[in-house]
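Shown next, in structure tokens, is the structure this report addresses.
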Amino acid sequence: MITRAPMSRRRVLARRLAAFCARIRPRNTAELAALVLYLGEEIDRRERMLDVALRATAEVPGARVPAQH
């Protein structure tokens, strides 16, 4: 049996991004700009949700706050 070497995180990310782009296929600059704006807003929303969750755990007495990277 032939086993493949595990892919690096960078290569996995590149493959996922390529698959995502193939699925979206913006047909013009306006669609691409709208997509970039949407993704930026989505990232901001997720970061705010994470900040709220981390603040909530920090306020619990005796709870440990995870190390930030």
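Chain identifiers are assigned as A, B, and so on, following the order in which chains appear in the structure tokens; residues are numbered from 1 within each chain, and ligands are numbered from 1 in order of appearance.
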Applying 12 Å and only C-alpha atoms, which residues near stretch 13-24 of chain A remain after dropping the ones on its own chain fewer than 4 positions away? List them as a PyMOL selection string. chain A and resi 7-9+28+31-32+34-36
